[in-house]
$ cat model_37.cif   # mmCIF, C-alpha atoms
data_coords
#
loop_
_atom_site.label_atom_id
_atom_site.label_comp_id
_atom_site.auth_asym_id
_atom_site.auth_seq_id
_atom_site.Cartn_x
_atom_site.Cartn_y
_atom_site.Cartn_z
CA MET A 1 101.28 -30.98 -179.35
CA GLN A 2 103.82 -33.61 -180.38
CA PHE A 3 103.95 -36.99 -178.66
CA SER A 4 106.59 -39.69 -178.87
CA SER A 5 104.06 -42.35 -177.86
CA ALA A 6 100.81 -43.22 -179.61
CA LEU A 7 99.48 -44.76 -176.39
CA LEU A 8 99.97 -41.46 -174.59
CA GLU A 9 98.51 -39.48 -177.46
CA ASN A 10 95.38 -41.65 -177.64
CA ALA A 11 94.81 -41.29 -173.91
CA VAL A 12 95.19 -37.50 -174.15
CA ASN A 13 92.76 -37.42 -177.08
CA GLU A 14 90.18 -39.39 -175.11
CA PHE A 15 90.39 -37.05 -172.12
CA ALA A 16 90.27 -34.00 -174.39
CA LYS A 17 86.88 -35.16 -175.69
CA LEU A 18 85.35 -34.46 -172.27
CA PRO A 19 83.59 -31.10 -171.89
CA GLY A 20 85.78 -28.30 -170.52
CA ILE A 21 88.97 -30.37 -170.80
CA GLY A 22 91.50 -28.94 -173.25
CA ARG A 23 94.56 -30.76 -174.51
CA LYS A 24 96.89 -29.26 -171.90
CA THR A 25 94.62 -30.31 -169.06
CA ALA A 26 94.15 -33.73 -170.68
CA LEU A 27 97.92 -34.17 -170.78
CA ARG A 28 98.21 -33.20 -167.11
CA LEU A 29 95.56 -35.78 -166.16
CA VAL A 30 97.15 -38.53 -168.26
CA LEU A 31 100.63 -37.87 -166.86
CA HIS A 32 99.10 -37.99 -163.38
CA LEU A 33 97.55 -41.40 -164.11
CA LEU A 34 100.85 -42.57 -165.60
CA LYS A 35 102.52 -41.88 -162.25
CA GLN A 36 99.84 -43.76 -160.32
CA ASP A 37 99.95 -47.39 -159.37
CA SER A 38 98.70 -49.65 -162.16
CA LYS A 39 95.94 -51.01 -159.89
CA GLN A 40 94.65 -47.52 -159.23
CA VAL A 41 94.37 -46.80 -162.97
CA THR A 42 92.60 -50.12 -163.56
CA LEU A 43 90.14 -49.20 -160.82
CA PHE A 44 89.58 -45.83 -162.48
CA SER A 45 88.92 -47.25 -165.93
CA GLU A 46 86.79 -50.14 -164.68
CA THR A 47 84.65 -47.90 -162.48
CA ILE A 48 83.87 -45.64 -165.44
CA ALA A 49 83.12 -48.53 -167.80
CA ARG A 50 80.98 -50.27 -165.19
CA MET A 51 79.03 -47.10 -164.44
CA ARG A 52 78.10 -46.70 -168.11
CA GLU A 53 77.28 -50.39 -168.60
CA GLU A 54 75.32 -51.09 -165.45
CA ILE A 55 73.60 -47.87 -164.52
CA ARG A 56 69.85 -47.85 -165.02
CA PHE A 57 67.09 -45.31 -164.87
CA CYS A 58 64.35 -45.53 -162.27
CA LYS A 59 61.13 -46.71 -163.92
CA ARG A 60 59.10 -44.39 -161.74
CA CYS A 61 61.01 -41.09 -161.65
CA HIS A 62 63.67 -41.58 -164.41
CA ASN A 63 66.47 -40.69 -162.01
CA VAL A 64 69.72 -42.70 -162.24
CA SER A 65 69.46 -45.87 -160.25
CA ASP A 66 71.31 -49.09 -159.50
CA GLY A 67 68.10 -51.10 -159.95
CA ASP A 68 64.59 -50.86 -161.43
CA ILE A 69 63.44 -48.40 -158.81
CA CYS A 70 65.83 -45.79 -157.38
CA SER A 71 66.69 -45.46 -153.71
CA ILE A 72 64.61 -42.29 -153.38
CA CYS A 73 61.45 -43.88 -154.81
CA SER A 74 61.85 -47.03 -152.73
CA ASN A 75 62.40 -45.11 -149.49
CA SER A 76 59.21 -45.41 -147.42
CA GLN A 77 60.43 -42.66 -145.09
CA ARG A 78 59.95 -40.13 -147.89
CA LYS A 79 56.65 -38.54 -148.85
CA GLN A 80 55.95 -40.34 -152.10
CA GLU A 81 52.74 -38.38 -152.67
CA MET A 82 54.83 -35.25 -153.26
CA ILE A 83 56.65 -34.94 -156.60
CA CYS A 84 59.36 -32.45 -157.40
CA VAL A 85 59.66 -32.00 -161.19
CA VAL A 86 63.21 -31.33 -162.42
CA GLU A 87 64.93 -31.06 -165.75
CA SER A 88 67.89 -33.38 -165.15
CA ILE A 89 69.66 -35.79 -162.81
CA ARG A 90 72.02 -32.99 -161.85
CA ASP A 91 69.10 -31.04 -160.38
CA VAL A 92 68.12 -34.02 -158.21
CA ILE A 93 71.65 -34.11 -156.80
CA ALA A 94 71.58 -30.34 -156.18
CA LEU A 95 68.22 -30.54 -154.39
CA GLU A 96 69.20 -33.61 -152.37
CA SER A 97 72.32 -31.78 -151.23
CA THR A 98 70.15 -29.11 -149.57
CA GLN A 99 68.72 -31.85 -147.30
CA GLN A 100 65.50 -29.81 -147.26
CA TYR A 101 63.29 -32.02 -149.38
CA ASN A 102 61.74 -35.28 -148.31
CA GLY A 103 59.48 -36.18 -151.22
CA SER A 104 59.99 -37.94 -154.56
CA TYR A 105 61.21 -36.59 -157.90
CA HIS A 106 60.34 -36.75 -161.55
CA VAL A 107 63.15 -36.16 -164.03
CA LEU A 108 61.79 -34.76 -167.32
CA GLY A 109 65.05 -35.32 -169.17
CA GLY A 110 64.96 -31.83 -170.65
CA ILE A 111 62.66 -28.90 -170.99
CA ILE A 112 60.19 -27.73 -173.64
CA SER A 113 62.20 -25.66 -176.09
CA PRO A 114 60.66 -25.26 -179.56
CA LEU A 115 63.74 -23.41 -180.83
CA ASP A 116 65.86 -26.52 -180.10
CA GLY A 117 63.14 -28.77 -181.50
CA ILE A 118 62.25 -30.23 -178.11
CA GLY A 119 58.54 -30.70 -177.64
CA PRO A 120 56.54 -32.31 -174.82
CA ASP A 121 56.68 -35.71 -176.55
CA GLN A 122 60.44 -35.99 -176.14
CA LEU A 123 60.19 -35.44 -172.40
CA ALA A 124 58.91 -37.67 -169.61
CA ILE A 125 55.71 -35.63 -169.30
CA GLU A 126 53.24 -38.37 -170.26
CA SER A 127 54.69 -40.65 -167.57
CA LEU A 128 54.38 -37.82 -165.04
CA LEU A 129 50.69 -37.31 -165.82
CA GLU A 130 50.13 -41.07 -165.66
CA ARG A 131 51.97 -41.24 -162.35
CA ILE A 132 49.92 -38.43 -160.81
CA LYS A 133 46.70 -40.13 -161.91
CA GLN A 134 47.67 -43.54 -160.56
CA GLU A 135 49.44 -42.56 -157.37
CA GLY A 136 47.02 -39.92 -156.12
CA THR A 137 49.79 -37.34 -155.85
CA ARG A 138 48.98 -34.50 -153.45
CA GLU A 139 51.57 -31.88 -154.39
CA LEU A 140 53.63 -31.08 -157.45
CA ILE A 141 56.64 -28.79 -157.03
CA PHE A 142 58.35 -27.40 -160.13
CA ALA A 143 62.09 -26.89 -159.65
CA LEU A 144 62.96 -25.80 -163.18
CA ASN A 145 65.50 -23.22 -164.23
CA PRO A 146 63.98 -19.73 -164.25
CA ASN A 147 63.81 -18.98 -167.96
CA ILE A 148 61.25 -18.94 -170.76
CA GLN A 149 61.61 -22.67 -171.46
CA GLY A 150 61.11 -23.46 -167.77
CA ASP A 151 58.01 -21.27 -167.61
CA THR A 152 56.64 -22.83 -170.82
CA THR A 153 57.10 -26.31 -169.39
CA ILE A 154 55.37 -25.35 -166.15
CA TYR A 155 52.49 -23.80 -168.11
CA TYR A 156 52.11 -26.85 -170.36
CA ILE A 157 52.06 -29.38 -167.54
CA GLN A 158 49.80 -27.26 -165.37
CA LYS A 159 47.29 -26.96 -168.25
CA LYS A 160 47.29 -30.75 -168.62
CA LEU A 161 46.51 -31.11 -164.92
CA GLU A 162 43.50 -28.81 -164.85
CA GLY A 163 40.69 -30.42 -162.92
CA HIS A 164 43.00 -32.56 -160.77
CA ASN A 165 42.82 -31.94 -157.03
CA LEU A 166 46.49 -31.18 -156.65
CA ARG A 167 48.56 -28.44 -155.12
CA ILE A 168 50.98 -27.09 -157.73
CA THR A 169 53.87 -24.85 -156.67
CA THR A 170 57.20 -23.70 -157.98
CA ILE A 171 60.37 -23.00 -156.03
CA ALA A 172 60.72 -19.35 -155.01
CA ARG A 173 62.53 -16.96 -157.29
CA GLY A 174 64.13 -13.85 -155.90
CA ILE A 175 67.37 -12.35 -154.75
CA ALA A 176 69.86 -15.07 -153.81
CA PHE A 177 71.27 -15.18 -150.31
CA GLY A 178 74.54 -13.26 -150.25
CA GLY A 179 73.50 -11.43 -153.42
CA GLU A 180 73.37 -7.67 -153.58
CA LEU A 181 70.35 -5.71 -154.81
CA GLU A 182 72.30 -3.34 -157.02
CA TYR A 183 73.76 -6.22 -159.02
CA ALA A 184 70.49 -8.10 -159.48
CA ASP A 185 68.95 -7.86 -162.95
CA GLU A 186 65.73 -5.82 -163.23
CA HIS A 187 63.63 -8.85 -164.08
CA THR A 188 64.63 -10.76 -160.95
CA LEU A 189 64.33 -7.68 -158.77
CA GLY A 190 60.94 -6.80 -160.27
CA ARG A 191 59.60 -10.32 -159.78
CA SER A 192 60.92 -10.51 -156.23
CA LEU A 193 59.04 -7.30 -155.50
CA GLN A 194 55.82 -8.67 -157.02
CA ASN A 195 56.17 -11.89 -155.09
CA ARG A 196 57.10 -10.28 -151.82
CA MET A 197 56.49 -12.43 -148.76
CA PRO A 198 55.29 -11.64 -145.21
CA VAL A 199 58.27 -11.12 -142.92
CA GLU A 200 56.84 -13.59 -140.39
CA ASN A 201 57.17 -16.41 -142.97
CA TYR A 202 60.68 -15.34 -143.72
CA VAL A 203 61.77 -15.19 -140.09
CA ASN A 204 60.13 -18.47 -139.16
CA ARG A 205 62.08 -20.39 -141.72
CA MET B 128 76.64 -34.26 -152.60
CA GLN B 129 73.92 -36.91 -152.38
CA PHE B 130 73.62 -39.62 -155.03
CA SER B 131 70.83 -42.07 -155.61
CA SER B 132 73.18 -44.47 -157.37
CA ALA B 133 76.35 -46.03 -155.97
CA LEU B 134 77.65 -46.62 -159.53
CA LEU B 135 77.36 -42.92 -160.25
CA GLU B 136 78.91 -41.98 -156.93
CA ASN B 137 81.90 -44.28 -157.44
CA ALA B 138 82.54 -42.87 -160.90
CA VAL B 139 82.39 -39.32 -159.54
CA ASN B 140 84.79 -40.26 -156.74
CA GLU B 141 87.27 -41.70 -159.23
CA PHE B 142 87.23 -38.57 -161.38
CA ALA B 143 87.51 -36.35 -158.31
CA LYS B 144 90.84 -38.04 -157.44
CA LEU B 145 92.42 -36.45 -160.52
CA PRO B 146 94.38 -33.24 -159.91
CA GLY B 147 92.39 -30.05 -160.37
CA ILE B 148 89.06 -31.91 -160.69
CA GLY B 149 86.61 -31.11 -157.90
CA ARG B 150 83.43 -33.04 -157.21
CA LYS B 151 81.22 -30.69 -159.23
CA THR B 152 83.46 -30.99 -162.27
CA ALA B 153 83.70 -34.75 -161.75
CA LEU B 154 79.91 -34.98 -161.75
CA ARG B 155 79.71 -32.94 -164.95
CA LEU B 156 82.20 -35.28 -166.65
CA VAL B 157 80.43 -38.42 -165.44
CA LEU B 158 77.01 -37.16 -166.57
CA HIS B 159 78.55 -36.35 -169.95
CA LEU B 160 79.89 -39.91 -170.25
CA LEU B 161 76.51 -41.25 -169.16
CA LYS B 162 74.91 -39.49 -172.14
CA GLN B 163 77.49 -40.90 -174.57
CA ASP B 164 77.17 -44.06 -176.56
CA SER B 165 78.23 -47.12 -174.57
CA LYS B 166 80.94 -47.92 -177.17
CA GLN B 167 82.46 -44.47 -176.77
CA VAL B 168 82.75 -44.92 -173.00
CA THR B 169 84.28 -48.37 -173.42
CA LEU B 170 86.83 -46.83 -175.80
CA PHE B 171 87.59 -44.15 -173.22
CA SER B 172 88.14 -46.56 -170.35
CA GLU B 173 90.09 -49.07 -172.42
CA THR B 174 92.39 -46.43 -173.88
CA ILE B 175 93.28 -45.19 -170.40
CA ALA B 176 93.84 -48.70 -169.00
CA ARG B 177 95.88 -49.71 -172.03
CA MET B 178 98.04 -46.58 -171.82
CA ARG B 179 98.96 -47.36 -168.22
CA GLU B 180 99.54 -51.08 -168.86
CA GLU B 181 101.49 -50.93 -172.09
CA ILE B 182 103.40 -47.68 -172.04
CA ARG B 183 107.14 -48.05 -171.59
CA PHE B 184 110.05 -45.75 -171.05
CA CYS B 185 112.80 -45.37 -173.64
CA LYS B 186 115.92 -47.17 -172.46
CA ARG B 187 118.11 -44.42 -173.86
CA CYS B 188 116.40 -41.15 -172.95
CA HIS B 189 113.70 -42.27 -170.44
CA ASN B 190 110.97 -40.54 -172.41
CA VAL B 191 107.61 -42.33 -172.76
CA SER B 192 107.66 -44.78 -175.59
CA ASP B 193 105.63 -47.51 -177.25
CA GLY B 194 108.71 -49.75 -177.47
CA ASP B 195 112.21 -50.18 -176.03
CA ILE B 196 113.54 -47.12 -177.81
CA CYS B 197 111.33 -44.06 -178.38
CA SER B 198 110.51 -42.60 -181.77
CA ILE B 199 112.80 -39.61 -181.18
CA CYS B 200 115.84 -41.74 -180.31
CA SER B 201 115.28 -44.10 -183.24
CA ASN B 202 114.86 -41.28 -185.76
CA SER B 203 118.03 -41.12 -187.85
CA GLN B 204 117.00 -37.72 -189.24
CA ARG B 205 117.60 -36.20 -185.81
CA LYS B 206 121.01 -35.16 -184.47
CA GLN B 207 121.56 -37.90 -181.92
CA GLU B 208 124.88 -36.36 -180.82
CA MET B 209 122.96 -33.45 -179.30
CA ILE B 210 121.17 -34.03 -175.98
CA CYS B 211 118.61 -31.74 -174.44
CA VAL B 212 118.31 -32.41 -170.70
CA VAL B 213 114.82 -31.93 -169.28
CA GLU B 214 113.07 -32.57 -166.00
CA SER B 215 109.99 -34.42 -167.23
CA ILE B 216 108.09 -35.92 -170.15
CA ARG B 217 105.92 -32.82 -170.20
CA ASP B 218 108.96 -30.70 -171.08
CA VAL B 219 109.76 -32.96 -174.04
CA ILE B 220 106.24 -32.40 -175.36
CA ALA B 221 106.57 -28.63 -174.84
CA LEU B 222 109.93 -28.50 -176.66
CA GLU B 223 108.75 -30.75 -179.49
CA SER B 224 105.76 -28.48 -179.99
CA THR B 225 108.11 -25.58 -180.81
CA GLN B 226 109.38 -27.61 -183.81
CA GLN B 227 112.70 -25.83 -183.29
CA TYR B 228 114.78 -28.70 -181.94
CA ASN B 229 116.12 -31.59 -183.95
CA GLY B 230 118.30 -33.46 -181.45
CA SER B 231 117.65 -36.09 -178.79
CA TYR B 232 116.49 -35.74 -175.19
CA HIS B 233 117.34 -37.03 -171.75
CA VAL B 234 114.53 -37.03 -169.17
CA LEU B 235 115.97 -36.74 -165.65
CA GLY B 236 112.67 -37.66 -164.00
CA GLY B 237 112.99 -34.77 -161.54
CA ILE B 238 115.44 -32.20 -160.37
CA ILE B 239 117.96 -32.03 -157.53
CA SER B 240 116.06 -30.66 -154.55
CA PRO B 241 117.61 -31.41 -151.14
CA LEU B 242 114.62 -29.86 -149.33
CA ASP B 243 112.34 -32.46 -150.94
CA GLY B 244 114.90 -35.18 -150.29
CA ILE B 245 115.71 -35.61 -153.98
CA GLY B 246 119.42 -36.14 -154.62
CA PRO B 247 121.33 -36.97 -157.82
CA ASP B 248 120.96 -40.71 -157.16
CA GLN B 249 117.20 -40.61 -157.58
CA LEU B 250 117.51 -39.01 -161.00
CA ALA B 251 118.67 -40.39 -164.35
CA ILE B 252 122.00 -38.55 -164.08
CA GLU B 253 124.29 -41.59 -164.02
CA SER B 254 122.72 -42.89 -167.23
CA LEU B 255 123.20 -39.45 -168.80
CA LEU B 256 126.94 -39.42 -167.98
CA GLU B 257 127.28 -42.99 -169.25
CA ARG B 258 125.44 -42.06 -172.42
CA ILE B 259 127.65 -39.04 -173.09
CA LYS B 260 130.78 -41.18 -172.60
CA GLN B 261 129.59 -43.97 -174.88
CA GLU B 262 127.91 -41.99 -177.63
CA GLY B 263 130.48 -39.22 -178.06
CA THR B 264 127.87 -36.52 -177.52
CA ARG B 265 128.87 -33.13 -178.96
CA GLU B 266 126.44 -30.78 -177.25
CA LEU B 267 124.40 -30.80 -174.06
CA ILE B 268 121.55 -28.30 -173.75
CA PHE B 269 119.92 -27.80 -170.37
CA ALA B 270 116.23 -26.94 -170.63
CA LEU B 271 115.39 -26.91 -166.93
CA ASN B 272 112.99 -24.61 -165.12
CA PRO B 273 114.72 -21.38 -164.08
CA ASN B 274 114.93 -21.78 -160.32
CA ILE B 275 117.47 -22.72 -157.65
CA GLN B 276 116.86 -26.46 -158.09
CA GLY B 277 117.34 -26.15 -161.84
CA ASP B 278 120.57 -24.21 -161.39
CA THR B 279 121.82 -26.73 -158.79
CA THR B 280 121.16 -29.59 -161.19
CA ILE B 281 122.97 -27.82 -164.02
CA TYR B 282 125.93 -27.10 -161.73
CA TYR B 283 126.11 -30.70 -160.49
CA ILE B 284 126.02 -32.28 -163.95
CA GLN B 285 128.42 -29.75 -165.42
CA LYS B 286 130.94 -30.49 -162.62
CA LYS B 287 130.71 -34.20 -163.39
CA LEU B 288 131.47 -33.49 -167.04
CA GLU B 289 134.63 -31.46 -166.47
CA GLY B 290 137.35 -32.59 -168.85
CA HIS B 291 134.92 -33.84 -171.49
CA ASN B 292 135.15 -32.16 -174.86
CA LEU B 293 131.53 -31.08 -174.96
CA ARG B 294 129.65 -27.87 -175.59
CA ILE B 295 127.30 -27.24 -172.65
CA THR B 296 124.57 -24.62 -172.95
CA THR B 297 121.31 -23.71 -171.32
CA ILE B 298 118.20 -22.27 -172.93
CA ALA B 299 118.07 -18.46 -172.82
CA ARG B 300 116.37 -16.76 -169.92
CA GLY B 301 114.96 -13.29 -170.29
CA ILE B 302 111.80 -11.37 -170.90
CA ALA B 303 109.17 -13.52 -172.57
CA PHE B 304 107.78 -12.48 -175.95
CA GLY B 305 104.63 -10.49 -175.39
CA GLY B 306 105.73 -9.73 -171.83
CA GLU B 307 106.05 -6.20 -170.54
CA LEU B 308 109.16 -4.87 -168.82
CA GLU B 309 107.32 -3.19 -165.99
CA TYR B 310 105.68 -6.46 -164.93
CA ALA B 311 108.85 -8.57 -165.07
CA ASP B 312 110.41 -9.44 -161.70
CA GLU B 313 113.73 -7.75 -160.87
CA HIS B 314 115.66 -11.01 -161.00
CA THR B 315 114.59 -11.84 -164.55
CA LEU B 316 115.05 -8.27 -165.71
CA GLY B 317 118.49 -8.05 -164.06
CA ARG B 318 119.63 -11.33 -165.60
CA SER B 319 118.32 -10.38 -169.01
CA LEU B 320 120.40 -7.19 -168.77
CA GLN B 321 123.53 -9.13 -167.78
CA ASN B 322 123.00 -11.62 -170.58
CA ARG B 323 122.21 -9.03 -173.22
CA MET B 324 122.70 -10.18 -176.78
CA PRO B 325 123.96 -8.45 -179.93
CA VAL B 326 121.04 -7.10 -181.93
CA GLU B 327 122.32 -8.76 -185.11
CA ASN B 328 121.86 -12.21 -183.47
CA TYR B 329 118.40 -11.25 -182.39
CA VAL B 330 117.30 -9.94 -185.78
CA ASN B 331 118.76 -12.88 -187.69
CA ARG B 332 116.66 -15.40 -185.79
#

$ encode --input "model_37.cif" --output "structure tokens"
Amino acid sequence: MQFSSALLENAVNEFAKLPGIGRKTALRLVLHLLKQDSKQVTLFSETIARMREEIRFCKRCHNVSDGDICSICSNSQRKQEMICVVESIRDVIALESTQQYNGSYHVLGGIISPLDGIGPDQLAIESLLERIKQEGTRELIFALNPNIQGDTTIYYIQKKLEGHNLRITTIARGIAFGGELEYADEHTLGRSLQNRMPVENYVNR
Amino acid sequence: MQFSSALLENAVNEFAKLPGIGRKTALRLVLHLLKQDSKQVTLFSETIARMREEIRFCKRCHNVSDGDICSICSNSQRKQEMICVVESIRDVIALESTQQYNGSYHVLGGIISPLDGIGPDQLAIESLLERIKQEGTRELIFALNPNIQGDTTIYYIQKKLEGHNLRITTIARGIAFGGELEYADEHTLGRSLQNRMPVENYVNR
């Protein structure tokens, strides 16, 4: 791609560094911003810079936060004695969007994956164990992605918690709503058969 | 989508204003920036702001430029007596990327479209006519999108230039390379039959 302006080219290059944004898309976005009011573009760039500079991570659950403690942890309406363990901030947003959960979270910041060189020490596991000990947590819910790394992480943490009086669960795995049996992989279908649930539970939901 | 941080939410909202970027994509981009080095994000936001603040439009051809006259217009290696008329900056970039054109450009900033309320007065047509008169242009090449508005614009400008000693052409329309005849629309196929070209021209290219 040939540009007659270095300013334009630099802006396109910056956008093209973002994941999933190619140079053609980057150009489209930059030309869009070029057409916008100058104030609007200033707002855009300042909002991004400010987000990166000022955002903090909750000292309790490691979720993104505007202060020391995030709005979920400081909400007394929520069941703070219940902790949902997730891999990343994105998972908190996904779970919050369901509006079905009223407890607190703990963001591990990754998942145990020896092949990628990620062990328990690089994750916020120690702080989770500490938190459970200090806060007298009553229930731990694992909401990790259903793969080997997720299962390893669950196994590791659960081992560490042996002897604690704590209910430990994981979110249900099975056939997704709207999914069709014939297209489900054997593993999912097999597990959903093993973990079959009484119809009364299902209907009462 | 529920956020526990207003800073994060604002950044997502800003990205989601861009064309073709939904809220899920915006979140992905923001979380990516959050993981980047603070310096990198500052560079990103400053480059965008600077582009919008400092970019100018060439006084001769209305292309984006870092100064009064763009790098294409001020390049003495290029045939300045040849003008390629395009709708937008994006088209200049597309044509430059072919590396097949060595003349100058004129960016109309749109196309005559009565249905959208865009007449000749809103476009850089007057400055084009003035330029042709003053510079003694030898050839005008229309590289407009092949639709009614494009054809109307060509017709209007060509009428205005009657009596000038000037070669006026338009880029060839026909079946695209790699295209298949059976999938081409009748209009394109019909026109490409009408405008058939001697094989010797084709082979010599």

$ closest_residue --input "model_37.cif" --among "B:Asp193, B:Glu208, B:Asp248, B:Glu307" --to "Leu267 in chain B" --atoms "only C-alpha atoms"
B:Glu208

$ interface_residues --input "model_37.cif" --of "chain B" --to "chain A" --cutoff "6 Å" --atoms "only C-alpha atoms" --output "ChimeraX atom specification"
/B:128-129,131-132,134,138,141,161,169,171-172,174-176,178-179,192-193,198,220,223-224

$ residues_near_point --input "model_37.cif" --point "(127.4, -25.6, -174.8)" --cutoff "8 Å" --atoms "only C-alpha atoms" --output "list of chain:residue names"
B:Glu266, B:Leu267, B:Ile268, B:Leu293, B:Arg294, B:Ile295, B:Thr296, B:Thr297

$ write_last_selection --input "model_37.cif" --atoms "C-alpha atoms" --output "compact mmCIF listing (two decimals), in the frame of the given file"
# COMPACT_ATOMS: atom_id res chain seq x y z
CA GLU B 266 126.44 -30.78 -177.25
CA LEU B 267 124.40 -30.80 -174.06
CA ILE B 268 121.55 -28.30 -173.75
CA LEU B 293 131.53 -31.08 -174.96
CA ARG B 294 129.65 -27.87 -175.59
CA ILE B 295 127.30 -27.24 -172.65
CA THR B 296 124.57 -24.62 -172.95
CA THR B 297 121.31 -23.71 -171.32

$ atom_distance --input "model_37.cif" --atom1 "CA of Glu214 in chain B" --atom2 "CA of Val234 in chain B"
5.7 Å

$ residues_near_point --input "model_37.cif" --point "(122.6, -30.1, -160.9)" --cutoff "10 Å" --atoms "all atoms listed in the file" --output "MDAnalysis selection string"
chainID B and resid 238:240 246:247 252 271 275:287

$ write_last_selection --input "model_37.cif" --atoms "C-alpha atoms" --output "compact mmCIF listing (two decimals), keeping the file's coordinate frame"
# COMPACT_ATOMS: atom_id res chain seq x y z
CA ILE B 238 115.44 -32.20 -160.37
CA ILE B 239 117.96 -32.03 -157.53
CA SER B 240 116.06 -30.66 -154.55
CA GLY B 246 119.42 -36.14 -154.62
CA PRO B 247 121.33 -36.97 -157.82
CA ILE B 252 122.00 -38.55 -164.08
CA LEU B 271 115.39 -26.91 -166.93
CA ILE B 275 117.47 -22.72 -157.65
CA GLN B 276 116.86 -26.46 -158.09
CA GLY B 277 117.34 -26.15 -161.84
CA ASP B 278 120.57 -24.21 -161.39
CA THR B 279 121.82 -26.73 -158.79
CA THR B 280 121.16 -29.59 -161.19
CA ILE B 281 122.97 -27.82 -164.02
CA TYR B 282 125.93 -27.10 -161.73
CA TYR B 283 126.11 -30.70 -160.49
CA ILE B 284 126.02 -32.28 -163.95
CA GLN B 285 128.42 -29.75 -165.42
CA LYS B 286 130.94 -30.49 -162.62
CA LYS B 287 130.71 -34.20 -163.39

$ closest_residue --input "model_37.cif" --among "A:Arg23, A:Arg196, A:His106, A:His187" --to "Cys61 in chain A" --atoms "all atoms listed in the file"
A:His106

$ resolve_selection --input "model_37.cif" --expression "the PyMOL selection byres ((chain B and resi 186) around 6)" --output "PyMOL selection string"
chain B and resi 185+187+189+195-196

$ residues_around --input "model_37.cif" --residues "Pro146 in chain A" --least-positions-apart "6" --cutoff "10 Å" --atoms "all atoms listed in the file" --output "VMD selection string"
chain A and resid 171 to 173 188

$ atom_distance --input "model_37.cif" --atom1 "CA of Asn292 in chain B" --atom2 "CA of Asn274 in chain B"
27.0 Å

$ axis_aligned_box --input "model_37.cif" --around "range 251-268 of chain B" --padding-each-side "8 Å" --output "lines of an AutoDock Vina configuration file"
center_x = 124.7
center_y = -36.1
center_z = -171.5
size_x = 28.1
size_y = 31.7
size_z = 30.9

$ atom_distance --input "model_37.cif" --atom1 "CA of Leu256 in chain B" --atom2 "CA of Gly244 in chain B"
21.8 Å

$ decode --input "model_37.cif" --residues "range 132-157 of chain B" --atoms "C-alpha atoms" --output "mmCIF file, in the first residue's frame"
data_model
loop_
_atom_site.group_PDB
_atom_site.id
_atom_site.type_symbol
_atom_site.label_atom_id
_atom_site.label_comp_id
_atom_site.auth_asym_id
_atom_site.auth_seq_id
_atom_site.Cartn_x
_atom_site.Cartn_y
_atom_site.Cartn_z
ATOM 1 C CA SER B 132 -14.561 -0.423 35.250
ATOM 2 C CA ALA B 133 -15.842 2.798 33.702
ATOM 3 C CA LEU B 134 -12.418 3.412 32.100
ATOM 4 C CA LEU B 135 -12.651 0.080 30.326
ATOM 5 C CA GLU B 136 -16.247 0.679 29.323
ATOM 6 C CA ASN B 137 -15.483 4.111 27.853
ATOM 7 C CA ALA B 138 -12.599 2.725 25.828
ATOM 8 C CA VAL B 139 -14.811 -0.073 24.487
ATOM 9 C CA ASN B 140 -17.511 2.452 23.592
ATOM 10 C CA GLU B 141 -15.024 4.578 21.667
ATOM 11 C CA PHE B 142 -13.759 1.623 19.644
ATOM 12 C CA ALA B 143 -17.310 0.439 19.002
ATOM 13 C CA LYS B 144 -18.069 3.770 17.262
ATOM 14 C CA LEU B 145 -15.701 2.806 14.449
ATOM 15 C CA PRO B 146 -17.323 1.310 11.350
ATOM 16 C CA GLY B 147 -17.499 -2.476 11.306
ATOM 17 C CA ILE B 148 -16.349 -2.785 14.941
ATOM 18 C CA GLY B 149 -18.973 -4.314 17.228
ATOM 19 C CA ARG B 150 -18.793 -4.322 21.011
ATOM 20 C CA LYS B 151 -17.224 -7.786 21.223
ATOM 21 C CA THR B 152 -14.463 -6.823 18.798
ATOM 22 C CA ALA B 153 -14.021 -3.497 20.598
ATOM 23 C CA LEU B 154 -13.544 -5.356 23.882
ATOM 24 C CA ARG B 155 -10.987 -7.668 22.294
ATOM 25 C CA LEU B 156 -9.015 -4.669 20.995
ATOM 26 C CA VAL B 157 -9.167 -2.833 24.320
#
